[in-house]
file my_file20.txt (compact mmCIF, C-alpha atoms)
# COMPACT_ATOMS: atom_id res chain seq x y z
CA MET A 54 49.51 2.46 -49.45
CA ASN A 55 52.42 3.43 -47.21
CA VAL A 56 52.54 2.26 -43.61
CA LEU A 57 54.97 3.67 -41.02
CA PHE A 58 56.40 1.48 -38.25
CA PHE A 59 57.88 2.55 -34.92
CA GLY A 60 59.54 0.97 -31.89
CA ILE A 61 59.40 -2.80 -31.72
CA THR A 62 57.22 -3.06 -34.84
CA LYS A 63 59.99 -1.37 -36.85
CA ASP A 64 62.43 -4.04 -35.59
CA ILE A 65 59.99 -6.87 -36.41
CA VAL A 66 59.33 -5.59 -39.94
CA GLY A 67 62.96 -4.58 -40.45
CA SER A 68 61.96 -1.22 -41.93
CA SER A 69 60.35 2.04 -40.85
CA GLU A 70 58.07 2.14 -43.91
CA VAL A 71 56.38 -0.50 -46.07
CA ASN A 72 54.38 0.00 -49.23
CA PHE A 73 51.39 -2.30 -49.72
CA ASN A 74 50.30 -3.10 -53.27
CA ASP A 75 46.94 -1.70 -54.28
CA GLU A 76 45.40 -5.16 -54.70
CA LEU A 77 46.40 -6.05 -51.13
CA LYS A 78 45.07 -2.78 -49.73
CA PRO A 79 42.90 -3.36 -46.64
CA ALA A 80 39.44 -1.74 -46.58
CA ASN A 81 39.63 -0.59 -42.99
CA VAL A 82 41.87 -0.37 -39.94
CA GLY A 83 40.74 -3.74 -38.55
CA SER A 84 41.61 -5.59 -41.74
CA LEU A 85 44.97 -3.79 -41.93
CA LYS A 86 45.77 -5.10 -38.43
CA LYS A 87 44.72 -8.62 -39.43
CA LYS A 88 46.92 -8.53 -42.54
CA LEU A 89 49.88 -7.29 -40.51
CA ILE A 90 49.44 -10.02 -37.89
CA ASP A 91 49.24 -12.63 -40.69
CA ALA A 92 52.39 -11.24 -42.32
CA TYR A 93 54.30 -10.72 -39.05
CA PRO A 94 53.05 -13.23 -36.43
CA GLU A 95 55.22 -11.59 -33.75
CA PHE A 96 52.76 -8.66 -33.78
CA SER A 97 50.21 -10.89 -32.02
CA LYS A 98 52.55 -11.24 -29.01
CA LEU A 99 52.61 -7.51 -28.29
CA ASN A 100 50.73 -5.98 -25.35
CA SER A 101 48.72 -3.84 -27.76
CA LEU A 102 48.70 -2.78 -31.38
CA ALA A 103 47.12 0.54 -32.31
CA VAL A 104 46.85 2.26 -35.66
CA ALA A 105 47.05 5.99 -36.28
CA VAL A 106 45.48 7.50 -39.38
CA ASN A 107 46.63 11.02 -40.23
CA SER A 108 48.34 11.10 -36.82
CA GLU A 109 45.18 10.33 -34.79
CA TYR A 110 44.36 7.04 -33.05
CA ALA A 111 41.86 5.17 -35.26
CA ASP A 112 39.14 2.59 -34.52
CA ASP A 113 39.09 -0.76 -36.35
CA THR A 114 35.99 0.32 -38.29
CA LEU A 115 37.62 3.38 -39.90
CA THR A 116 37.64 3.05 -43.71
CA LEU A 117 40.97 3.46 -45.51
CA THR A 118 41.30 4.99 -48.96
CA GLY A 119 45.06 4.56 -49.26
CA ASN A 120 45.81 8.29 -49.31
CA GLU A 121 46.14 8.64 -45.54
CA GLU A 122 49.31 8.68 -43.48
CA ILE A 123 49.07 5.36 -41.64
CA ALA A 124 51.26 4.45 -38.68
CA ILE A 125 51.48 1.35 -36.52
CA ILE A 126 51.65 2.21 -32.82
CA PRO A 127 53.02 -0.54 -30.53
CA PRO A 128 52.70 -0.09 -26.73
CA VAL A 129 53.99 3.41 -25.93
CA SER A 130 56.63 3.88 -23.22
CA GLY A 131 57.52 7.55 -22.98
CA GLY A 132 58.47 9.29 -19.77
CA MET B 286 46.84 30.45 -20.74
CA LYS B 287 50.15 29.59 -22.28
CA LYS B 288 51.54 26.22 -23.35
CA VAL B 289 54.96 25.01 -24.36
CA ILE B 290 54.83 21.62 -26.15
CA GLU B 291 58.10 20.28 -27.53
CA ILE B 292 60.11 17.25 -28.60
CA VAL B 293 63.80 18.07 -28.26
CA ASN B 294 67.19 16.37 -28.47
CA ASP B 295 68.30 17.53 -25.03
CA ILE B 296 66.35 18.84 -22.06
CA ASP B 297 67.58 21.89 -20.19
CA THR B 298 65.83 21.63 -16.81
CA ALA B 299 66.91 25.18 -15.91
CA LYS B 300 64.52 26.69 -18.49
CA VAL B 301 61.24 25.47 -17.06
CA TYR B 302 60.97 27.88 -14.12
CA ALA B 303 61.04 30.93 -16.37
CA GLU B 304 58.53 29.29 -18.73
CA LEU B 305 56.01 28.62 -15.94
CA SER B 306 56.56 31.67 -13.77
CA ASP B 307 54.12 34.58 -14.01
CA ALA B 308 52.55 37.24 -11.83
CA LYS B 309 49.26 35.33 -11.33
CA SER B 310 50.86 32.07 -10.24
CA GLY B 311 51.55 31.48 -6.57
CA GLY B 312 52.38 27.83 -7.25
CA ILE B 313 54.61 26.10 -9.79
CA CYS B 314 54.88 22.33 -9.91
CA VAL B 315 57.38 20.48 -12.11
CA PHE B 316 58.06 16.80 -12.71
CA VAL B 317 61.34 15.70 -14.28
CA GLY B 318 61.81 12.10 -15.45
CA ALA B 319 65.41 10.90 -15.65
CA VAL B 320 67.35 7.76 -16.55
CA ARG B 321 67.64 5.38 -13.60
CA GLU B 322 70.72 3.21 -13.19
CA PHE B 323 68.94 -0.08 -12.42
CA THR B 324 65.81 -1.79 -13.76
CA ASN B 325 64.86 -4.99 -11.92
CA ASN B 326 68.42 -5.24 -10.55
CA GLU B 327 69.93 -5.01 -14.03
CA GLU B 328 72.31 -2.18 -14.79
CA VAL B 329 71.06 0.17 -17.49
CA VAL B 330 73.70 1.62 -19.79
CA ALA B 331 71.36 4.03 -21.60
CA LEU B 332 67.78 4.59 -22.72
CA GLU B 333 66.98 5.30 -26.33
CA PHE B 334 63.81 7.20 -27.19
CA GLU B 335 62.10 7.44 -30.54
CA THR B 336 58.86 9.15 -31.49
CA TYR B 337 56.27 9.66 -34.17
CA GLN B 338 56.80 13.37 -33.82
CA ALA B 339 53.78 14.88 -35.61
CA MET B 340 51.39 12.69 -33.63
CA ALA B 341 53.30 13.01 -30.34
CA LEU B 342 53.05 16.82 -30.47
CA LYS B 343 49.31 16.57 -31.24
CA GLU B 344 48.71 14.16 -28.35
CA MET B 345 50.75 16.29 -25.92
CA ASP B 346 48.77 19.34 -27.01
CA LYS B 347 45.49 17.49 -26.29
CA ILE B 348 46.73 16.54 -22.81
CA ALA B 349 47.71 20.14 -22.06
CA ASP B 350 44.30 21.38 -23.25
CA LYS B 351 42.56 18.80 -21.06
CA ALA B 352 44.59 19.99 -18.06
CA PHE B 353 43.52 23.58 -18.76
CA GLU B 354 39.88 22.36 -18.84
CA LYS B 355 40.14 20.37 -15.61
CA TRP B 356 42.06 22.89 -13.48
CA THR B 357 42.48 26.66 -13.39
CA LEU B 358 46.05 26.91 -14.68
CA ASN B 359 48.08 29.80 -16.00
CA LYS B 360 50.84 27.95 -17.85
CA VAL B 361 51.70 24.39 -18.89
CA VAL B 362 54.98 22.93 -20.17
CA MET B 363 55.37 19.45 -21.72
CA ARG B 364 58.76 18.60 -23.19
CA HIS B 365 60.16 15.17 -24.08
CA ALA B 366 63.61 14.23 -25.30
CA VAL B 367 64.51 11.78 -28.07
CA GLY B 368 67.74 9.94 -28.82
CA GLU B 369 70.08 8.14 -26.47
CA LYS B 370 70.22 9.29 -22.84
CA GLY B 371 72.64 8.17 -20.14
CA VAL B 372 72.10 7.60 -16.43
CA GLU B 373 70.87 10.72 -14.59
CA GLU B 374 70.08 12.60 -17.79
CA PRO B 375 66.59 14.17 -17.91
CA VAL B 376 64.25 12.68 -20.53
CA VAL B 377 60.96 14.42 -19.83
CA VAL B 378 59.83 17.56 -18.05
CA VAL B 379 56.21 18.57 -17.42
CA GLY B 380 54.88 21.33 -15.25
CA ALA B 381 52.02 23.69 -14.52
CA SER B 382 51.55 26.97 -12.72
CA SER B 383 48.42 28.18 -10.96
CA ALA B 384 47.24 30.70 -8.37
CA HIS B 385 47.33 28.09 -5.58
CA ARG B 386 49.28 24.85 -5.21
CA ASP B 387 46.51 22.21 -5.37
CA ALA B 388 45.71 22.83 -9.04
CA CYS B 389 49.32 22.67 -10.26
CA PHE B 390 50.17 19.58 -8.13
CA GLU B 391 47.19 17.66 -9.52
CA ALA B 392 47.70 18.89 -13.08
CA CYS B 393 51.39 17.96 -13.04
CA ARG B 394 50.61 14.36 -12.09
CA PHE B 395 47.89 14.21 -14.78
CA LEU B 396 50.31 15.54 -17.42
CA ILE B 397 52.98 12.88 -16.85
CA ASP B 398 50.57 9.98 -16.21
CA THR B 399 48.59 10.69 -19.40
CA LEU B 400 51.73 11.30 -21.47
CA LYS B 401 52.91 7.80 -20.51
CA GLU B 402 49.57 6.30 -21.61
CA THR B 403 48.89 7.93 -24.96
CA VAL B 404 51.83 9.82 -26.47
CA PRO B 405 53.61 7.85 -29.24
CA ILE B 406 57.10 7.77 -27.76
CA TRP B 407 59.01 4.50 -27.33
CA LYS B 408 61.82 3.67 -24.97
CA LYS B 409 64.47 1.01 -25.46
CA GLU B 410 66.43 -0.04 -22.38
CA LYS B 411 70.03 -0.77 -23.24
CA PHE B 412 71.81 -3.17 -20.92
CA LYS B 413 75.37 -4.45 -21.24
CA ASN B 414 74.40 -7.49 -23.32
CA LYS B 415 70.91 -6.77 -24.68
CA SER B 416 68.32 -4.14 -25.56
CA VAL B 417 64.61 -4.29 -24.69
CA TRP B 418 61.64 -2.19 -25.90
CA VAL B 419 59.85 -1.26 -22.67
CA SER B 420 56.24 -2.52 -22.18
CA ALA B 421 56.14 -4.17 -25.62
CA HIS B 422 55.43 -7.68 -24.31
CA PRO B 423 53.30 -8.97 -21.40

call {"tool": "encode", "arguments": {"input": "my_file20.txt", "output": "structure tokens"}}
result
Amino acid sequence: MNVLFFGITKDIVGSSEVNFNDELKPANVGSLKKKLIDAYPEFSKLNSLAVAVNSEYADDTLTLTGNEEIAIIPPVSGG
Amino acid sequence: MKKVIEIVNDIDTAKVYAELSDAKSGGICVFVGAVREFTNNEEVVALEFETYQAMALKEMDKIADKAFEKWTLNKVVMRHAVGEKGVEEPVVVVGASSAHRDACFEACRFLIDTLKETVPIWKKEKFKNKSVWVSAHP
């Protein structure tokens, strides 16, 4: 399962893309966030942490199969 | 109804009038966001923008559609730049045209305010001795 990182989360992770092993694959968006916060404690200090699945904002309850395009969306600051 | 939704390397502010102008529009309202020299009394050298482009275009398209639902508009433009931008350079331009001015004034404010809330674009402020991702931390 590939996860894309942008903005400050890319700096924290040190990469714009990370591949999670199948056995570590989270079942849904909420558990993906929890795993990321465990792996990268600095994520918990951010103002917000959203997840996009197939380029749409996703709720924590959304189930993940591993075939989606998943992106981590830190607080946006366009404009 | 006509929309222009784009992520570009450089913004040409001279284009937007022709994009919004049409025979049915008596009012055209445009907002341009540019790089400001000082943030909290600290001198900004440049801003660097990055985006998740596929999603950003989708989100901008949703905002434009919502504006068409809320107001009677003829045309909408939403264009954001990426990459490094220096002081005074434009980084975003949004605008709307409508028969009368109230609709395009209100829509223009909605376009920029909502873009700042939901569109996946990130801005790093570059100062002389440090760089900071804007709004990342409380």

call {"tool": "residues_around", "arguments": {"input": "my_file20.txt", "residues": "range 54-59 of chain A", "least_positions_apart": "6", "cutoff": "10 Å", "atoms": "only C-alpha atoms", "output": "PyMOL selection string"}}
result
(chain A and resi 65-75+77-79+85+104-106+117-127+129) or (chain B and resi 335-337+405-407)

call {"tool": "interface_residues", "arguments": {"input": "my_file20.txt", "of": "chain A", "to": "chain B", "cutoff": "7 Å", "atoms": "only C-alpha atoms", "output": "list of chain:residue names"}}
result
A:Gly60, A:Ile61, A:Lys98, A:Leu99, A:Asn100, A:Ser108, A:Glu109, A:Ile126, A:Pro127, A:Pro128, A:Val129, A:Ser130, A:Gly131, A:Gly132

call {"tool": "atom_distance", "arguments": {"input": "my_file20.txt", "atom1": "CA of Met363 in chain B", "atom2": "CA of Glu291 in chain B"}}
result
6.5 Å

call {"tool": "closest_residue", "arguments": {"input": "my_file20.txt", "among": "B:Ala384, B:Val362, B:Ala331, B:Leu396", "to": "Thr298 in chain B", "atoms": "all atoms listed in the file"}}
result
B:Val362

call {"tool": "atom_distance", "arguments": {"input": "my_file20.txt", "atom1": "CA of Glu373 in chain B", "atom2": "CA of Ile313 in chain B"}}
result
22.9 Å

call {"tool": "axis_aligned_box", "arguments": {"input": "my_file20.txt", "around": "range 85-101 of chain A", "padding_each_side": "8 Å", "output": "lines of an AutoDock Vina configuration file"}}
result
center_x = 50.0
center_y = -8.5
center_z = -33.9
size_x = 26.5
size_y = 25.4
size_z = 33.2

call {"tool": "atom_distance", "arguments": {"input": "my_file20.txt", "atom1": "CA of Asn325 in chain B", "atom2": "CA of Phe390 in chain B"}}
result
28.9 Å

call {"tool": "closest_residue", "arguments": {"input": "my_file20.txt", "among": "B:Gly312, B:Lys370, B:Ser383, B:Lys288", "to": "Glu333 in chain B", "atoms": "all atoms listed in the file"}}
result
B:Lys370

call {"tool": "closest_residue", "arguments": {"input": "my_file20.txt", "among": "B:Met286, B:Ala308, B:Ala299, B:Val372", "to": "Phe323 in chain B", "atoms": "all atoms listed in the file"}}
result
B:Val372

call {"tool": "residues_around", "arguments": {"input": "my_file20.txt", "residues": "Ala388 in chain B", "least_positions_apart": "3", "cutoff": "7 Å", "atoms": "all atoms listed in the file", "output": "mmCIF file with C-alpha atoms, in the frame of the given file"}}
result
data_model
loop_
_atom_site.group_PDB
_atom_site.id
_atom_site.type_symbol
_atom_site.label_atom_id
_atom_site.label_comp_id
_atom_site.auth_asym_id
_atom_site.auth_seq_id
_atom_site.Cartn_x
_atom_site.Cartn_y
_atom_site.Cartn_z
ATOM 1 C CA TRP B 356 42.060 22.890 -13.480
ATOM 2 C CA THR B 357 42.480 26.660 -13.390
ATOM 3 C CA LEU B 358 46.050 26.910 -14.680
ATOM 4 C CA SER B 383 48.420 28.180 -10.960
ATOM 5 C CA HIS B 385 47.330 28.090 -5.580
ATOM 6 C CA GLU B 391 47.190 17.660 -9.520
ATOM 7 C CA ALA B 392 47.700 18.890 -13.080
#

call {"tool": "closest_residue", "arguments": {"input": "my_file20.txt", "among": "A:Asp64, A:Gly83, A:Phe96, A:Lys88", "to": "Asp112 in chain A", "atoms": "all atoms listed in the file"}}
result
A:Gly83
